[in-house]
Structures are given as structure tokens and as C-alpha cells.
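Text of run23.cif, listed as mmCIF, C-alpha atoms:
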data_structure
#
loop_
_atom_site.group_PDB
_atom_site.id
_atom_site.type_symbol
_atom_site.label_atom_id
_atom_site.label_comp_id
_atom_site.auth_asym_id
_atom_site.auth_seq_id
_atom_site.Cartn_x
_atom_site.Cartn_y
_atom_site.Cartn_z
ATOM 1 C CA MET A 1 61.238 149.516 -86.173
ATOM 2 C CA ILE A 2 59.252 151.557 -83.671
ATOM 3 C CA GLY A 3 55.577 150.584 -83.542
ATOM 4 C CA ARG A 4 54.376 152.296 -80.377
ATOM 5 C CA LEU A 5 55.544 154.943 -77.931
ATOM 6 C CA THR A 6 54.418 155.310 -74.324
ATOM 7 C CA GLY A 7 55.817 158.276 -72.468
ATOM 8 C CA MET A 8 55.351 161.829 -71.239
ATOM 9 C CA LEU A 9 54.172 164.496 -73.635
ATOM 10 C CA THR A 10 56.618 167.386 -73.228
ATOM 11 C CA THR A 11 55.838 169.583 -76.249
ATOM 12 C CA LYS A 12 52.716 169.942 -78.346
ATOM 13 C CA GLN A 13 52.901 172.390 -81.240
ATOM 14 C CA PRO A 14 50.811 171.087 -84.148
ATOM 15 C CA PRO A 15 51.678 169.096 -86.115
ATOM 16 C CA TRP A 16 54.733 168.274 -83.951
ATOM 17 C CA LEU A 17 54.891 166.433 -80.643
ATOM 18 C CA LEU A 18 57.836 165.643 -78.413
ATOM 19 C CA VAL A 19 57.414 162.525 -76.281
ATOM 20 C CA ASP A 20 59.879 161.666 -73.513
ATOM 21 C CA VAL A 21 60.361 157.922 -73.193
ATOM 22 C CA GLY A 22 62.837 157.004 -70.474
ATOM 23 C CA GLY A 23 64.775 160.220 -70.896
ATOM 24 C CA VAL A 24 64.871 160.053 -74.703
ATOM 25 C CA GLY A 25 62.807 162.646 -76.558
ATOM 26 C CA TYR A 26 61.096 161.403 -79.707
ATOM 27 C CA GLU A 27 59.901 163.946 -82.261
ATOM 28 C CA VAL A 28 56.621 162.768 -83.741
ATOM 29 C CA GLU A 29 54.459 164.323 -86.420
ATOM 30 C CA ALA A 30 50.744 163.736 -85.902
ATOM 31 C CA PRO A 31 47.430 164.731 -87.477
ATOM 32 C CA LEU A 32 45.156 167.113 -85.601
ATOM 33 C CA SER A 33 42.680 164.271 -85.145
ATOM 34 C CA THR A 34 45.283 162.710 -82.824
ATOM 35 C CA ILE A 35 46.518 165.922 -81.223
ATOM 36 C CA PHE A 36 42.975 166.855 -80.159
ATOM 37 C CA GLN A 37 42.764 163.600 -78.196
ATOM 38 C CA LEU A 38 45.946 164.120 -76.179
ATOM 39 C CA GLY A 39 46.080 165.628 -72.722
ATOM 40 C CA GLU A 40 48.126 168.579 -71.561
ATOM 41 C CA CYS A 41 51.915 168.627 -71.676
ATOM 42 C CA GLY A 42 53.220 166.569 -68.778
ATOM 43 C CA SER A 43 50.603 163.832 -69.188
ATOM 44 C CA GLU A 44 51.318 160.278 -70.289
ATOM 45 C CA VAL A 45 50.445 159.410 -73.875
ATOM 46 C CA VAL A 46 50.361 156.265 -75.963
ATOM 47 C CA LEU A 47 50.910 156.679 -79.690
ATOM 48 C CA HIS A 48 50.709 154.116 -82.465
ATOM 49 C CA ILE A 49 53.714 154.820 -84.666
ATOM 50 C CA HIS A 50 54.392 154.549 -88.360
ATOM 51 C CA MET A 51 58.146 154.827 -88.916
ATOM 52 C CA VAL A 52 59.774 155.867 -92.178
ATOM 53 C CA VAL A 53 63.516 155.269 -92.631
ATOM 54 C CA ARG A 54 65.253 157.283 -95.322
ATOM 55 C CA GLU A 55 68.896 157.827 -96.159
ATOM 56 C CA ASP A 56 68.827 161.265 -94.562
ATOM 57 C CA ALA A 57 66.238 160.849 -91.801
ATOM 58 C CA GLN A 58 64.177 158.560 -89.594
ATOM 59 C CA LEU A 59 60.643 159.944 -89.358
ATOM 60 C CA LEU A 60 57.957 159.060 -86.844
ATOM 61 C CA TYR A 61 54.238 159.599 -87.437
ATOM 62 C CA GLY A 62 51.999 159.113 -84.420
ATOM 63 C CA PHE A 63 48.313 158.254 -84.066
ATOM 64 C CA ALA A 64 45.946 157.990 -81.124
ATOM 65 C CA THR A 65 44.294 154.841 -82.455
ATOM 66 C CA GLU A 66 45.236 151.860 -84.566
ATOM 67 C CA ALA A 67 42.372 152.760 -86.915
ATOM 68 C CA GLU A 68 43.973 156.127 -87.651
ATOM 69 C CA ARG A 69 47.347 154.526 -88.308
ATOM 70 C CA ARG A 70 45.763 151.955 -90.617
ATOM 71 C CA LEU A 71 44.030 154.690 -92.592
ATOM 72 C CA PHE A 72 47.302 156.662 -92.820
ATOM 73 C CA ARG A 73 49.099 153.591 -94.163
ATOM 74 C CA ASN A 74 46.383 153.033 -96.740
ATOM 75 C CA LEU A 75 46.523 156.678 -97.797
ATOM 76 C CA ILE A 76 50.288 156.740 -98.378
ATOM 77 C CA ARG A 77 50.001 153.644 -100.582
ATOM 78 C CA ALA A 78 47.603 155.517 -102.864
ATOM 79 C CA SER A 79 48.987 157.141 -106.005
ATOM 80 C CA GLY A 80 50.293 160.653 -105.425
ATOM 81 C CA ILE A 81 49.694 160.686 -101.667
ATOM 82 C CA GLY A 82 52.727 161.190 -99.436
ATOM 83 C CA PRO A 83 52.880 161.349 -95.635
ATOM 84 C CA LYS A 84 52.378 165.128 -95.480
ATOM 85 C CA LEU A 85 49.235 165.044 -97.597
ATOM 86 C CA ALA A 86 47.937 162.001 -95.702
ATOM 87 C CA LEU A 87 48.312 163.940 -92.430
ATOM 88 C CA THR A 88 46.512 166.906 -93.989
ATOM 89 C CA ILE A 89 43.606 164.670 -94.999
ATOM 90 C CA LEU A 90 43.355 163.123 -91.530
ATOM 91 C CA SER A 91 43.635 166.547 -89.903
ATOM 92 C CA GLY A 92 41.078 168.220 -92.117
ATOM 93 C CA LEU A 93 38.469 165.481 -92.105
ATOM 94 C CA GLY A 94 39.172 162.874 -89.481
ATOM 95 C CA ALA A 95 38.822 159.179 -90.205
ATOM 96 C CA GLU A 96 35.038 159.016 -89.866
ATOM 97 C CA ASP A 97 34.413 161.882 -92.287
ATOM 98 C CA PHE A 98 36.983 160.519 -94.727
ATOM 99 C CA TRP A 99 35.303 157.122 -94.922
ATOM 100 C CA ARG A 100 31.948 158.867 -95.308
ATOM 101 C CA ALA A 101 33.383 160.751 -98.296
ATOM 102 C CA VAL A 102 34.591 157.442 -99.765
ATOM 103 C CA ARG A 103 31.236 155.801 -99.171
ATOM 104 C CA GLU A 104 29.312 158.710 -100.723
ATOM 105 C CA ASP A 105 31.863 159.337 -103.511
ATOM 106 C CA ASP A 106 32.141 162.932 -102.301
ATOM 107 C CA THR A 107 35.025 164.604 -104.115
ATOM 108 C CA ALA A 108 33.832 168.087 -103.136
ATOM 109 C CA VAL A 109 34.851 167.721 -99.507
ATOM 110 C CA LEU A 110 38.317 166.455 -100.447
ATOM 111 C CA ILE A 111 39.211 169.175 -102.946
ATOM 112 C CA LYS A 112 38.666 171.814 -100.251
ATOM 113 C CA LEU A 113 41.750 170.483 -98.469
ATOM 114 C CA PRO A 114 45.099 172.101 -99.358
ATOM 115 C CA GLY A 115 47.073 170.036 -101.835
ATOM 116 C CA VAL A 116 44.124 167.950 -103.058
ATOM 117 C CA GLY A 117 42.960 168.692 -106.593
ATOM 118 C CA ARG A 118 39.962 167.211 -108.356
ATOM 119 C CA LYS A 119 41.926 164.487 -110.173
ATOM 120 C CA THR A 120 43.721 163.491 -106.969
ATOM 121 C CA ALA A 121 40.413 163.370 -105.089
ATOM 122 C CA GLU A 122 38.714 161.241 -107.739
ATOM 123 C CA ARG A 123 41.635 158.813 -107.942
ATOM 124 C CA LEU A 124 41.892 158.617 -104.160
ATOM 125 C CA LEU A 125 38.226 157.763 -103.712
ATOM 126 C CA VAL A 126 38.463 154.936 -106.241
ATOM 127 C CA GLU A 127 41.677 153.512 -104.756
ATOM 128 C CA MET A 128 40.487 153.749 -101.166
ATOM 129 C CA ARG A 129 37.143 152.156 -101.965
ATOM 130 C CA ASP A 130 38.908 149.217 -103.579
ATOM 131 C CA ARG A 131 41.383 148.997 -100.705
ATOM 132 C CA ALA A 132 38.643 149.021 -98.087
ATOM 133 C CA GLU A 133 36.754 146.253 -99.874
ATOM 134 C CA ALA A 134 39.932 144.190 -100.256
ATOM 135 C CA GLU A 135 40.604 144.394 -96.526
ATOM 136 C CA GLY A 136 36.989 143.744 -95.574
ATOM 137 C CA MET A 137 36.724 147.110 -93.873
ATOM 138 C CA SER A 138 33.410 148.736 -93.123
ATOM 139 C CA LEU A 139 33.351 152.201 -94.647
ATOM 140 C CA ALA A 140 31.152 153.396 -91.825
ATOM 141 C CA ALA A 141 33.360 152.112 -89.010
ATOM 142 C CA SER A 142 36.020 154.496 -87.813
ATOM 143 C CA THR A 143 36.967 156.911 -85.067
ATOM 144 C CA ASN A 144 36.422 160.629 -84.860
ATOM 145 C CA ALA A 145 38.538 163.370 -83.312
ATOM 146 C CA GLY A 146 37.881 164.801 -79.888
ATOM 147 C CA GLY A 147 39.668 166.149 -76.839
ATOM 148 C CA THR A 148 41.702 169.255 -76.216
ATOM 149 C CA ALA A 149 44.904 170.894 -77.386
ATOM 150 C CA SER A 150 47.100 173.096 -75.220
ATOM 151 C CA SER A 151 48.408 176.422 -76.454
ATOM 152 C CA ALA A 152 52.143 176.593 -77.038
ATOM 153 C CA LEU A 153 51.862 180.027 -78.627
ATOM 154 C CA HIS A 154 50.704 183.408 -77.335
ATOM 155 C CA THR A 155 46.995 183.104 -78.075
ATOM 156 C CA ALA A 156 44.463 180.548 -79.235
ATOM 157 C CA GLN A 157 44.237 182.432 -82.536
ATOM 158 C CA ASP A 158 48.005 182.236 -83.037
ATOM 159 C CA GLU A 159 48.003 178.497 -82.401
ATOM 160 C CA ALA A 160 45.096 177.901 -84.750
ATOM 161 C CA ARG A 161 46.731 179.951 -87.515
ATOM 162 C CA ALA A 162 50.063 178.144 -87.073
ATOM 163 C CA ALA A 163 48.378 174.738 -87.196
ATOM 164 C CA LEU A 164 46.479 175.627 -90.370
ATOM 165 C CA GLN A 165 49.670 176.829 -92.026
ATOM 166 C CA ALA A 166 51.438 173.612 -91.005
ATOM 167 C CA LEU A 167 48.668 171.732 -92.814
ATOM 168 C CA GLY A 168 49.376 173.638 -96.010
ATOM 169 C CA TYR A 169 46.990 176.585 -95.868
ATOM 170 C CA LYS A 170 48.474 179.903 -96.968
ATOM 171 C CA PRO A 171 48.894 182.531 -94.201
ATOM 172 C CA SER A 172 46.142 184.668 -95.726
ATOM 173 C CA GLU A 173 43.800 181.651 -95.884
ATOM 174 C CA ALA A 174 44.591 180.709 -92.285
ATOM 175 C CA ASP A 175 43.941 184.271 -91.112
ATOM 176 C CA LYS A 176 40.647 184.415 -92.978
ATOM 177 C CA LEU A 177 39.419 181.080 -91.595
ATOM 178 C CA VAL A 178 40.374 181.876 -88.007
ATOM 179 C CA ASP A 179 38.924 185.389 -88.117
ATOM 180 C CA ALA A 180 35.664 184.056 -89.571
ATOM 181 C CA VAL A 181 34.978 181.661 -86.704
ATOM 182 C CA HIS A 182 36.698 183.332 -83.751
ATOM 183 C CA GLU A 183 34.600 184.220 -80.727
ATOM 184 C CA ASP A 184 35.783 185.619 -77.424
ATOM 185 C CA GLY A 185 36.851 182.904 -75.001
ATOM 186 C CA MET A 186 37.230 180.139 -77.597
ATOM 187 C CA ALA A 187 39.977 177.642 -76.779
ATOM 188 C CA ALA A 188 42.595 176.882 -79.420
ATOM 189 C CA ASP A 189 41.273 173.393 -80.187
ATOM 190 C CA ALA A 190 37.682 174.600 -80.583
ATOM 191 C CA LEU A 191 38.839 177.450 -82.799
ATOM 192 C CA LEU A 192 40.911 175.141 -84.970
ATOM 193 C CA ARG A 193 38.118 172.608 -85.393
ATOM 194 C CA ALA A 194 35.654 175.362 -86.309
ATOM 195 C CA ALA A 195 38.105 176.755 -88.862
ATOM 196 C CA LEU A 196 38.622 173.305 -90.408
ATOM 197 C CA ARG A 197 34.857 172.697 -90.577
ATOM 198 C CA ARG A 198 34.452 176.015 -92.355
ATOM 199 C CA ALA A 199 37.289 175.184 -94.753
ATOM 200 C CA VAL A 200 35.657 171.983 -95.984
ATOM 201 C CA ARG A 201 32.104 173.316 -96.202
#
Translate this file's structure into C-alpha cells.
Amino acid sequence: MIGRLTGMLTTKQPPWLLVDVGGVGYEVEAPLSTIFQLGECGSEVVLHIHMVVREDAQLLYGFATEAERRLFRNLIRASGIGPKLALTILSGLGAEDFWRAVREDDTAVLIKLPGVGRKTAERLLVEMRDRAEAEGMSLAASTNAGGTASSALHTAQDEARAALQALGYKPSEADKLVDAVHEDGMAADALLRAALRRAVR
């Protein structure tokens, strides 16, 4: 099993990364909380990996920190939460905001994420609270997203829209969110973070 990758980042198009390790390119799916922390293409990256082996595929999910990977693993063990939805939660909230929602029993912030209904949010908060207590985790201790993301598309707006759609937002929703927060000169990562903040308000 692959637990960590250290190599050169060759492609970054959220939520997908391509990491060259000794001449072998590994396709990795990552949350935006991780992608924001990575450097430009051509820089060296270290990713903590969660590997899923299926009959038809071997999938790699990458995280900038062990804390993010641990939260992802806890999320996918919760009822009704698969890897795609777990990545959406991490991308839309980040680990720190997620644990704050758990601590404050805040379902409202979760149901604003695509794919998370009220029943799923309520069940998730209960399961994650119990899981955190069982592992002796502090609900306040976590890491937040930061850093920059390079544009692989024509404009920062295009990249932000594509990333939102990859997270499960409809094209019309992505357009509306990006248009609402766009200002001249905004970089793609700043635009995307502003759109996500608006989405969960």
C-alpha cells in the first residue's frame, strides 16, 4: 500500500494532481484544503496518501497533513459518506471549520455543501463527535487551508468554476458563486476560497 508520495508536482487541476516520483506519474485526487497549500507546478511536494484498491481501479487520495488524512479516514467510515463526499466536505470547510461544526453541533454549515442533506449532516455530526471522543481527539485542534493554487485553465474564473463543479456544484451554481465574489486581479485560489465561503454562509 502507498502511504506517502514525495515527488515533483507536474499537473494541478482541482481536484486532480499528477505527481512525478522517479519518472512514474501518480494521479492523486485531493481536497482544495490540500491543493491550496501546494506550490507551483515543478515544485517538490509531499503528500500523505490514502489508497483504495478496487477490482477495477487503484485510487489515491492525497493530503498535505496527517491531520487531514486522519479526518478523511474518519469521514469515509461514517454512514453514507464516500470518498467523493469526504473530499467535498474537506474542500468546502477545511478541517478546522469542520471540527468547529462538530463541536457546535452546526448542521446549517454542512447542509450548504453539495451532496449533504439535513439527515446526513445530523448523522455525521453525531458519528464524528463519538469518533473524536473515542480517539481522544481535541475538537478544536486541527489545521486550516492556506497557500496558493496555479491556474491550469484560461482564467482564474474558469479555474474556480471548474473546481466548484468538480466538488459537485451545478454549473449555474458555480457561475453564480464566482460572479458574486469576483474582483479584478483576484487570483484563482483567492477567488475559489471566497466562493466557498459564500457558499457555506
*asked:* Counting all atoms listed in the file, find residues at most 10 Å from (51.3, 154.4, -83.0) (file frame) and give them as a PyMOL selection string.
replied: chain A and resi 2-6+28+30+46-51+60-70
Store the residues of this selection in a file with C-alpha atoms, as a PDB file, keeping the file's coordinate frame.
ATOM      1  CA  ILE A   2      59.252 151.557 -83.671  1.00  0.00           C
ATOM      2  CA  GLY A   3      55.577 150.584 -83.542  1.00  0.00           C
ATOM      3  CA  ARG A   4      54.376 152.296 -80.377  1.00  0.00           C
ATOM      4  CA  LEU A   5      55.544 154.943 -77.931  1.00  0.00           C
ATOM      5  CA  THR A   6      54.418 155.310 -74.324  1.00  0.00           C
ATOM      6  CA  VAL A  28      56.621 162.768 -83.741  1.00  0.00           C
ATOM      7  CA  ALA A  30      50.744 163.736 -85.902  1.00  0.00           C
ATOM      8  CA  VAL A  46      50.361 156.265 -75.963  1.00  0.00           C
ATOM      9  CA  LEU A  47      50.910 156.679 -79.690  1.00  0.00           C
ATOM     10  CA  HIS A  48      50.709 154.116 -82.465  1.00  0.00           C
ATOM     11  CA  ILE A  49      53.714 154.820 -84.666  1.00  0.00           C
ATOM     12  CA  HIS A  50      54.392 154.549 -88.360  1.00  0.00           C
ATOM     13  CA  MET A  51      58.146 154.827 -88.916  1.00  0.00           C
ATOM     14  CA  LEU A  60      57.957 159.060 -86.844  1.00  0.00           C
ATOM     15  CA  TYR A  61      54.238 159.599 -87.437  1.00  0.00           C
ATOM     16  CA  GLY A  62      51.999 159.113 -84.420  1.00  0.00           C
ATOM     17  CA  PHE A  63      48.313 158.254 -84.066  1.00  0.00           C
ATOM     18  CA  ALA A  64      45.946 157.990 -81.124  1.00  0.00           C
ATOM     19  CA  THR A  65      44.294 154.841 -82.455  1.00  0.00           C
ATOM     20  CA  GLU A  66      45.236 151.860 -84.566  1.00  0.00           C
ATOM     21  CA  ALA A  67      42.372 152.760 -86.915  1.00  0.00           C
ATOM     22  CA  GLU A  68      43.973 156.127 -87.651  1.00  0.00           C
ATOM     23  CA  ARG A  69      47.347 154.526 -88.308  1.00  0.00           C
ATOM     24  CA  ARG A  70      45.763 151.955 -90.617  1.00  0.00           C
TER      25      ARG A  70
END
*I would like the residues chosen by the PyMOL selection byres ((chain A and resi 128) around 9) on the shown file; could you give them as a PyMOL selection string?*
chain A and resi 74-75+78+99+102+123-127+129-133
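Straight-line separation from CA of Asp105 (chain A) to CA of Phe36 (chain A): 26.9 Å.
Here CA of Pro15 (chain A) is placed at a distance of 5.5 Å from CA of Glu29 (chain A).
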*Separation of CA of Glu27 (chain A) and CA of Leu110 (chain A), in Å?*
28.3 Å
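When only C-alpha atoms are used to compute distances to His182 (chain A), the closest of the residues A:Asp158, A:Glu44, A:Glu96, A:Asp56 turns out to be A:Asp158.
Ranking A:Pro114, A:Ala156, A:Pro171, A:Arg197 by their shortest atom-to-atom distance to Glu183 (chain A), with only C-alpha atoms included, puts A:Ala156 first.
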*From the list A:Leu177, A:Ile35, A:Met1, A:Leu113, which residue is nearest Leu17 (chain A) when using only C-alpha atoms?*
A:Ile35
*Give the answer as one residue: which of A:Thr88, A:Thr155, A:Thr120, A:Ser33 has the shortest atom-to-atom distance to Gly168 (chain A), using only C-alpha atoms?*
A:Thr88
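Proximity ranking of A:Gly23, A:Pro14, A:Gly42, A:Pro31 relative to Leu90 (chain A) places A:Pro31 first, based on all atoms listed in the file.
Of the listed residues A:Gly92, A:Gly185, A:Gly25, A:Gly80, the one whose atoms come nearest to Arg198 (chain A) is A:Gly92, with distances taken using all atoms listed in the file.
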